[in-house]
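J.: Could you have a look at this structure, given as structure tokens, before my questions?
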Amino acid sequence: MFDNMFWYLLVCLAFFGIGDLLGVATKAKLSAVFVSLMLFLFAFMSGLIPPDIIKKAGLDQIAKWAVLFLIFSMGTTINMRELIAEWRTVVTACIAMGVVMLCAFLMIPLIGYQETIVSVPIVTGGIVATQIMTSAAMDQGFTLAAALGTIVFAVQKFLGTPIASYFGLREAREVVARYRETGEIPNFGGAAALQSSSKGPNFFERHKKYYGSFTCLAITAFFAWFAFMLGKWTGLSGTIWALILGAAVGSTGVLPSNILKHANCAGVFNCAVFGAIIPSLARIRPEDLLTLSYSIAVIFAIVIAALVVFFYVLPFWKVLGSRNVAVGVAVCQLLGFPATYLIVNEIISAVAENETEKKIISDRLMSKYLVAGFATVTTFSIIIAGFFVKFL
């Protein structure tokens, strides 16, 4: 009764579902990812579920090919006009990722080489970077490093959220105070200025009825195969090619943004990608928890201290013209969407007293936080992971 694929699949999806429910109930203060991964960890350690539950649930094979599908779909969401308009934000976010990579030289003597190489791209990214690094670590037998990377991914939103919120609140209070004093509505430019511009429908919008679920899946499968072959031919990771192809084709307007979501199957692929990182948790023993806790503390103490020093103390904040915004943008690599969106909305609710003030805060922070999270988590972290994986 309890030893079949459907039972194990139910357990896996139930853990994901509990995480989702608690994430919504706490308005993302409790990370859905953290809850789900911790449920798996404690269930593995207590023997409630078998260590090969992902394989027993039939998720192991789909996880192998879902990544290129998902990355291509993420590439189709890239809005080049918005990235160009927010070039200062993109530059700041990229410098922040560079700072995290520099931190690797401090981490290696303290937590170990493999652990550092696996963790750094995950700090700068999200689920895809995590899958790339943990899978590579597992393949090479670095099980503790893979487990560390998985937990880094699970906890980074907890540590990034209060920092992004604190500095965002400081900036929001300052711009609202200036508005209340002068009565002038500031024009921050950037991506906010693009919202009022209009353009005609693109190719996809004119022919939307032809883009059914199977058509979108077939298109994505073609580009996933092409990215895989380019990776074989060039030696550059297929994940990087998938992202490049997605951005290139998506920018033409020929495909819908986030093509897997349009095909109504993004959730399945997200679940499959999670299935690729969960097996690393099954290798953790109770005695490993102390080592992992120490490594987590070292990683984030170094990263957060470095980001604050570089973007609040040192003059790198001048790229964006505000220390508060610069630090907030710098830590968006720990968050990604939808956390960046939710944080700005919470800031707006906490500070604004009317619709005009809400718009001022949104214009100041929303596009910058979203673009920063998008540029790091969705885009450049995949490139960094594809680069770092060669050093394992």
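In the structure tokens, the first chain shown is A, the next is B, and so on; residue numbers restart at 1 for each chain, and ligands run from 1 in the order shown.
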List as a Markdown table every residue of stretch 282-372 of chain A that is in contact with stretch 82-96 of chain A, defined as an atom at most 9 Å from one of its atoms (using only C-alpha atoms), together with the nearest atom pair and the distance in Å rounded to one decimal, sorted by chain and then rising number.
T.:
| residue | atom | partner | partner_atom | distance |
| --- | --- | --- | --- | --- |
| A:Leu307 | CA | A:Ala96 | CA | 6.7 |
| A:Phe310 | CA | A:Ala96 | CA | 8.3 |
| A:Phe311 | CA | A:Ala96 | CA | 8.3 |
| A:Phe316 | CA | A:Thr92 | CA | 7.8 |
| A:Trp317 | CA | A:Thr92 | CA | 7.9 |
| A:Val319 | CA | A:Arg88 | CA | 6.1 |
| A:Leu320 | CA | A:Arg88 | CA | 6.0 |
| A:Ala326 | CA | A:Thr92 | CA | 7.0 |
| A:Val327 | CA | A:Ala96 | CA | 9.0 |
| A:Val329 | CA | A:Ala93 | CA | 6.3 |
| A:Ala330 | CA | A:Ala96 | CA | 5.2 |
| A:Val331 | CA | A:Ala96 | CA | 7.8 |
| A:Cys332 | CA | A:Ala93 | CA | 7.9 |
| A:Gln333 | CA | A:Ala93 | CA | 7.6 |
| A:Ser367 | CA | A:Glu86 | CA | 7.9 |
| A:Lys368 | CA | A:Thr89 | CA | 6.1 |
| A:Tyr369 | CA | A:Thr89 | CA | 8.5 |
| A:Val371 | CA | A:Leu83 | CA | 6.9 |
| A:Ala372 | CA | A:Ala93 | CA | 5.6 |
J.: For C-alpha atoms, I'd like the residues from the last selection saved as a PDB file, in the first residue's frame.
T.:
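Output (again06.pdb):
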ATOM      1  CA  LEU A 307      28.365  43.602   0.622  1.00  0.00           C
ATOM      2  CA  PHE A 310      31.540  47.571  -0.542  1.00  0.00           C
ATOM      3  CA  PHE A 311      28.194  49.283  -1.076  1.00  0.00           C
ATOM      4  CA  PHE A 316      30.598  51.650  -5.158  1.00  0.00           C
ATOM      5  CA  TRP A 317      27.201  52.999  -4.064  1.00  0.00           C
ATOM      6  CA  VAL A 319      26.773  53.972  -9.374  1.00  0.00           C
ATOM      7  CA  LEU A 320      23.171  54.171  -8.129  1.00  0.00           C
ATOM      8  CA  ALA A 326      22.922  50.084  -3.474  1.00  0.00           C
ATOM      9  CA  VAL A 327      22.953  47.729  -0.475  1.00  0.00           C
ATOM     10  CA  VAL A 329      20.195  45.913  -4.794  1.00  0.00           C
ATOM     11  CA  ALA A 330      23.382  44.076  -3.774  1.00  0.00           C
ATOM     12  CA  VAL A 331      21.505  41.588  -1.563  1.00  0.00           C
ATOM     13  CA  CYS A 332      18.793  40.914  -4.154  1.00  0.00           C
ATOM     14  CA  GLN A 333      21.009  38.095  -5.416  1.00  0.00           C
ATOM     15  CA  SER A 367      12.092  48.216 -10.835  1.00  0.00           C
ATOM     16  CA  LYS A 368      15.522  48.244  -9.198  1.00  0.00           C
ATOM     17  CA  TYR A 369      14.804  45.345  -6.856  1.00  0.00           C
ATOM     18  CA  VAL A 371      15.824  43.976 -12.192  1.00  0.00           C
ATOM     19  CA  ALA A 372      18.574  43.235  -9.654  1.00  0.00           C
TER      20      ALA A 372
END
J.: Show me, as a tab-separated table, the residues of stretch 113-146 of chain A having an atom within 12 Å of stretch 154-166 of chain A, each with the closest atom pair and its distance in Å, using only C-alpha atoms.
T.:
residue	atom	partner	partner_atom	distance
A:Ser119	CA	A:Gln156	CA	11.0
A:Val120	CA	A:Gln156	CA	11.7
A:Ile122	CA	A:Gln156	CA	9.1
A:Val123	CA	A:Gln156	CA	7.1
A:Thr124	CA	A:Gln156	CA	9.7
A:Gly125	CA	A:Gln156	CA	9.9
A:Gly126	CA	A:Ala154	CA	9.5
A:Ile127	CA	A:Ala154	CA	9.5
A:Thr130	CA	A:Ala154	CA	9.9
J.: In Å, how far is it from atom CA of A:Thr134 to atom CA of A:Ser280?
T.: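 Rounded to one decimal, the two atoms are 7.3 Å apart.
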J.: Give me, as a compact mmCIF listing (two decimals) with C-alpha atoms, in the first residue's frame, all polymer residues having an atom no more than 10 Å from A:Ala224, counting only C-alpha atoms and skipping those fewer than 4 positions away in the same chain.
T.:
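Now in around38.txt:
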# COMPACT_ATOMS: atom_id res chain seq x y z
CA TRP A 65 16.30 17.06 -18.67
CA ALA A 66 13.99 19.59 -17.02
CA VAL A 67 16.81 22.04 -16.27
CA LEU A 68 17.50 23.04 -19.89
CA PHE A 69 13.76 23.44 -20.48
CA LEU A 70 13.43 25.68 -17.44
CA ILE A 71 16.50 27.79 -18.22
CA PHE A 72 15.35 28.40 -21.81
CA SER A 73 11.96 29.46 -20.48
CA ALA A 218 7.94 21.22 -28.73
CA ILE A 219 9.60 24.62 -29.29
CA THR A 220 11.25 24.43 -25.86
CA PHE A 228 22.77 20.68 -25.31
CA MET A 229 24.46 20.13 -28.67
CA LEU A 230 26.09 23.58 -28.59
CA GLY A 238 24.57 23.84 -22.22
CA THR A 239 22.81 25.75 -19.45
CA TRP A 241 23.53 28.29 -24.19
CA ALA A 242 19.93 27.64 -23.12
CA LEU A 243 19.82 31.01 -21.39
CA LEU A 245 19.03 31.17 -26.84
CA GLY A 246 16.01 31.96 -24.66
J.: Would you kindly return, as a ChimeraX atom specification, each protein, DNA or RNA residue with an atom no farther than 12 Å from any atom of A:Met80, considering only C-alpha atoms and excluding same-chain residues fewer than 4 positions away?
T.: /A:75-76,84-87,90,191,194,247-253,371,374-375,379
